[in-house]
>>> print(open('input-v8.txt').read())   # compact mmCIF, C-alpha atoms
# COMPACT_ATOMS: atom_id res chain seq x y z
CA GLY A 1 -27.38 16.88 12.09
CA ALA A 2 -24.39 15.35 10.28
CA GLN A 3 -21.91 17.42 12.31
CA SER A 4 -23.62 16.45 15.56
CA PHE A 5 -23.36 12.79 14.58
CA MET A 6 -19.66 13.20 13.77
CA ASN A 7 -19.08 14.98 17.09
CA ILE A 8 -20.78 12.15 19.00
CA TYR A 9 -18.85 9.52 17.04
CA MET A 10 -15.47 11.22 17.50
CA GLY A 11 -16.21 11.81 21.18
CA TRP A 12 -16.89 8.10 21.57
CA VAL A 13 -13.66 7.21 19.74
CA MET A 14 -11.54 9.71 21.68
CA ARG A 15 -12.86 8.75 25.12
CA THR A 16 -13.69 5.03 25.02
CA SER A 17 -11.01 3.39 22.87
CA VAL A 18 -8.67 1.20 24.92
CA THR A 19 -5.14 2.56 24.68
CA VAL A 20 -3.49 0.25 27.21
CA PRO A 21 -5.35 -2.89 28.38
CA ALA A 22 -5.70 -3.88 32.02
CA GLY A 23 -2.92 -6.10 33.34
CA THR A 24 -0.17 -4.28 31.46
CA VAL A 25 3.02 -3.81 33.48
CA LEU A 26 4.35 -0.26 33.19
CA GLU A 27 8.05 0.66 33.20
CA SER A 28 7.70 1.73 36.83
CA GLY A 29 6.52 -1.77 37.74
CA ILE A 30 2.91 -0.75 38.36
CA VAL A 31 0.26 -3.11 36.98
CA LEU A 32 -2.85 -1.44 35.55
CA ASP A 33 -6.02 -2.58 37.29
CA LYS A 34 -8.32 -1.06 34.68
CA ASN A 35 -8.15 -0.40 30.95
CA LEU A 36 -6.50 2.90 30.09
CA THR A 37 -9.01 4.51 27.74
CA GLY A 38 -8.76 7.54 25.53
CA CYS A 39 -7.08 8.31 22.23
CA PRO A 40 -5.10 11.57 22.51
CA ALA A 41 -4.55 11.82 18.77
CA GLY A 42 -7.03 14.43 17.59
CA PHE A 43 -4.73 15.91 14.95
CA ALA A 44 -3.66 12.49 13.65
CA LEU A 45 -7.29 11.41 13.32
CA THR A 46 -8.08 14.63 11.49
CA ALA A 47 -5.18 14.06 9.08
CA MET A 48 -6.46 10.55 8.34
CA GLN A 49 -9.97 11.91 7.80
CA GLN A 50 -8.67 14.49 5.33
CA ILE A 51 -6.58 11.93 3.43
CA ILE A 52 -9.50 9.50 3.17
CA SER A 53 -11.84 12.30 2.07
CA PHE A 54 -9.37 13.40 -0.60
CA ALA A 55 -9.01 9.81 -1.83
CA VAL A 56 -12.81 9.45 -2.06
CA PHE A 57 -12.97 12.74 -3.98
CA LEU A 58 -10.31 11.52 -6.44
CA ILE A 59 -12.31 8.32 -6.99
CA PHE A 60 -15.46 10.35 -7.65
CA PHE A 61 -13.61 12.82 -9.89
CA SER A 62 -12.10 9.99 -11.97
CA SER A 63 -15.35 8.02 -12.23
CA VAL A 64 -17.36 10.94 -13.67
CA TYR A 65 -14.58 12.54 -15.72
CA PHE A 66 -15.64 10.96 -19.02
CA THR A 67 -19.37 11.36 -18.38
CA PRO A 68 -21.77 14.30 -18.87
CA TYR A 69 -21.61 14.82 -15.09
CA ARG A 70 -17.91 15.76 -15.09
CA TYR A 71 -16.92 18.02 -12.22
CA THR A 72 -14.75 20.93 -13.36
CA PRO A 73 -13.36 23.23 -10.64
CA LYS A 74 -13.09 26.86 -11.54
CA LYS A 75 -9.58 28.05 -12.33
CA LEU A 76 -8.21 30.58 -9.84
CA GLY A 77 -7.67 33.81 -11.71
CA SER A 78 -6.00 36.08 -9.15
CA ALA A 79 -3.62 36.02 -6.20
CA PHE A 80 -6.50 37.06 -3.93
CA GLU A 81 -8.53 33.98 -4.90
CA VAL A 82 -5.52 31.73 -4.29
CA PHE A 83 -4.99 33.37 -0.89
CA CYS A 84 -8.67 32.93 0.06
CA VAL A 85 -8.65 29.24 -0.91
CA ILE A 86 -5.48 28.58 1.10
CA ILE A 87 -6.84 30.35 4.19
CA PHE A 88 -10.19 28.59 3.73
CA GLY A 89 -8.47 25.20 3.68
CA CYS A 90 -6.38 26.03 6.75
CA VAL A 91 -9.29 27.21 8.91
CA PHE A 92 -11.42 24.28 7.70
CA ALA A 93 -8.75 21.81 8.86
CA LEU A 94 -8.22 23.71 12.12
CA ASN A 95 -11.94 23.66 12.82
CA ILE A 96 -12.09 19.87 12.59
CA ALA A 97 -8.70 19.20 14.22
CA LEU A 98 -9.24 21.43 17.25
CA ASN A 99 -12.76 20.08 17.70
CA ASN A 100 -11.49 16.48 17.64
CA PHE A 101 -8.72 17.43 20.07
CA SER A 102 -11.18 19.04 22.49
CA LEU A 103 -13.37 15.93 22.53
CA GLY A 104 -10.55 14.10 24.32
CA TYR A 105 -10.89 16.45 27.32
CA ILE A 106 -14.53 17.58 27.50
CA SER A 107 -17.85 15.80 27.21
CA ILE A 108 -19.95 15.92 24.06
CA ALA A 109 -22.55 17.98 25.96
CA VAL A 110 -20.06 20.75 26.78
CA ASN A 111 -18.67 20.61 23.23
CA LEU A 112 -22.08 21.04 21.59
CA ILE A 113 -23.10 23.82 23.97
CA ILE A 114 -19.94 25.80 23.21
CA ARG A 115 -20.38 25.23 19.47
CA SER A 116 -23.96 26.50 19.72
CA CYS A 117 -22.37 29.97 19.92
CA LEU A 118 -21.39 29.64 16.24
CA PRO A 119 -24.10 32.02 14.87
CA LEU A 120 -22.83 34.99 16.87
CA SER A 121 -19.14 34.33 16.15
CA THR A 122 -19.94 33.86 12.43
CA PHE A 123 -21.84 37.16 12.39
CA VAL A 124 -18.90 38.95 14.01
CA SER A 125 -16.45 37.33 11.57
CA SER A 126 -18.52 38.34 8.54
CA GLN A 127 -18.78 41.92 9.81
CA CYS A 128 -15.00 42.04 10.31
CA LEU A 129 -14.49 40.85 6.73
CA ALA A 130 -16.97 43.50 5.61
CA LEU A 131 -14.82 46.16 7.29
CA CYS A 132 -11.97 44.95 5.08
CA LYS A 133 -14.31 45.30 2.06
CA LEU A 134 -14.19 41.56 1.39
CA TYR A 135 -17.85 40.87 2.12
CA PRO A 136 -21.09 42.92 2.15
CA PHE A 137 -22.33 44.10 5.54
CA LYS A 138 -25.04 41.99 7.10
CA PRO A 139 -28.10 43.82 8.47
CA CYS A 140 -27.89 44.28 12.24
CA ARG A 141 -31.23 43.34 13.76
CA PRO A 142 -31.15 44.13 17.51
CA LEU A 143 -33.54 41.33 18.49
CA GLU A 144 -31.54 38.64 16.65
CA ILE A 145 -28.25 39.89 18.10
CA LEU A 146 -29.78 40.04 21.60
CA LEU A 147 -31.00 36.45 21.34
CA MET A 148 -27.56 35.28 20.14
CA VAL A 149 -25.85 37.11 23.01
CA ILE A 150 -28.24 35.55 25.53
CA GLY A 151 -27.43 32.12 24.07
CA VAL A 152 -23.69 32.76 24.39
CA VAL A 153 -24.10 33.94 28.00
CA CYS A 154 -26.09 30.81 28.88
CA ALA A 155 -23.44 28.63 27.24
CA GLY A 156 -20.74 30.42 29.23
CA VAL A 157 -22.62 29.96 32.52
CA PHE A 158 -23.09 26.25 31.84
CA THR A 159 -19.41 25.79 30.96
CA MET A 160 -18.23 27.67 34.07
CA ALA A 161 -20.57 25.61 36.24
CA ARG A 162 -19.25 22.40 34.69
CA LEU A 163 -15.66 23.50 35.36
CA ALA A 164 -16.47 24.47 38.94
CA GLY A 165 -18.12 21.09 39.48
CA GLU A 166 -14.90 19.16 38.88
CA GLU A 167 -13.52 17.89 42.19
CA LYS A 168 -10.04 16.90 40.98
CA LYS A 169 -7.70 19.72 39.96
CA ASP A 170 -6.01 17.67 37.24
CA GLU A 171 -9.33 16.88 35.58
CA SER A 172 -10.35 20.53 35.89
CA LYS A 173 -7.15 21.65 34.14
CA ASN A 174 -7.65 19.10 31.37
CA MET A 175 -11.23 20.22 30.91
CA LEU A 176 -10.12 23.86 30.78
CA LEU A 177 -7.69 22.95 28.00
CA GLY A 178 -10.52 21.20 26.15
CA VAL A 179 -12.75 24.27 26.53
CA PHE A 180 -10.04 26.55 25.10
CA MET A 181 -9.49 24.18 22.17
CA CYS A 182 -13.24 24.02 21.53
CA ILE A 183 -13.46 27.83 21.54
CA ALA A 184 -10.53 27.99 19.09
CA SER A 185 -12.35 25.46 16.91
CA LEU A 186 -15.48 27.60 17.13
CA LEU A 187 -13.60 30.69 15.96
CA SER A 188 -12.03 28.72 13.11
CA GLY A 189 -15.45 27.43 12.09
CA SER A 190 -16.99 30.90 12.09
CA LEU A 191 -14.13 32.24 9.97
CA ASN A 192 -14.54 29.23 7.70
CA LEU A 193 -18.22 30.05 7.12
CA ALA A 194 -17.45 33.75 6.59
CA LEU A 195 -14.75 32.90 4.02
CA ALA A 196 -17.19 30.56 2.29
CA GLY A 197 -19.39 33.62 1.81
CA VAL A 198 -16.44 35.56 0.39
CA LEU A 199 -15.63 32.75 -2.03
CA GLY A 200 -19.31 32.57 -2.94
CA GLU A 201 -19.21 36.26 -3.82
CA THR A 202 -16.32 35.56 -6.19
CA LYS A 203 -18.35 32.70 -7.73
CA LEU A 204 -15.91 29.96 -6.71
CA ASN A 205 -16.99 26.38 -6.00
CA VAL A 206 -16.43 25.68 -2.28
>>> encode(input="input-v8.txt", output="structure tokens")
Amino acid sequence: GAQSFMNIYMGWVMRTSVTVPAGTVLESGIVLDKNLTGCPAGFALTAMQQIISFAVFLIFFSSVYFTPYRYTPKKLGSAFEVFCVIIFGCVFALNIALNNFSLGYISIAVNLIIRSCLPLSTFVSSQCLALCKLYPFKPCRPLEILLMVIGVVCAGVFTMARLAGEEKKDESKNMLLGVFMCIASLLSGSLNLALAGVLGETKLNV
């Protein structure tokens, strides 16, 4: 629910904010008849979100430090734990950044439908980590896997139909870029969840 709200909010910011108002004279001498909307700054917005979140965390950490509710992160005791935390942070940031970037090129409906494939990609990611002996194997229930595959196929059909429905080639290319970025965000999110399981196995606070 919270992620859906953030997706809708970021989609609204990325697609409706006025970048250049109507009446502006461009360098070529052309006068804009309509407002130029859109905010192609997905990565910059993500960086600001992360900085603000970190500042809020520091405020919380400082306010409860001298109380019985003090938050004490667990000390990393091995190079493997340090590596996992670094990778976890990177894929977490990529998940949000690529998702915000994609919202500038595709609608919120397409974005949410693609991200509905997260259960299957997370399952595959966790099984890959299990092959590397980093995470226990998840039970493979044929019915659950079949239902997830059917969901992914339906999402793919909808996305292809949406791409084919674009009349202008430029808009179709932009939407294709947004779809690729959303898929990359999806893969980052699934790896993020799988790594959260790995860190949970090592009893780290994530």
>>> closest_residue(input="input-v8.txt", among="A:Ser188, A:Ser125, A:Thr159, A:Ser78", to="Phe137 (chain A)", atoms="all atoms listed in the file")
A:Ser125
>>> closest_residue(input="input-v8.txt", among="A:Val153, A:Met175, A:Leu32, A:Leu195", to="Ile113 (chain A)", atoms="only C-alpha atoms")
A:Val153
>>> atom_distance(input="input-v8.txt", atom1="CA of Val18 (chain A)", atom2="CA of Gly165 (chain A)")
26.4 Å
>>> atom_distance(input="input-v8.txt", atom1="CA of Leu118 (chain A)", atom2="CA of Asn95 (chain A)")
11.7 Å
>>> closest_residue(input="input-v8.txt", among="A:Leu131, A:Ala109, A:Ala93, A:Ile87", to="Ala196 (chain A)", atoms="all atoms listed in the file")
A:Ile87
>>> atom_distance(input="input-v8.txt", atom1="CA of Gly104 (chain A)", atom2="CA of Ile30 (chain A)")
24.5 Å
>>> closest_residue(input="input-v8.txt", among="A:Leu120, A:Ile114, A:Cys182, A:Cys90", to="Gly156 (chain A)", atoms="only C-alpha atoms")
A:Ile114
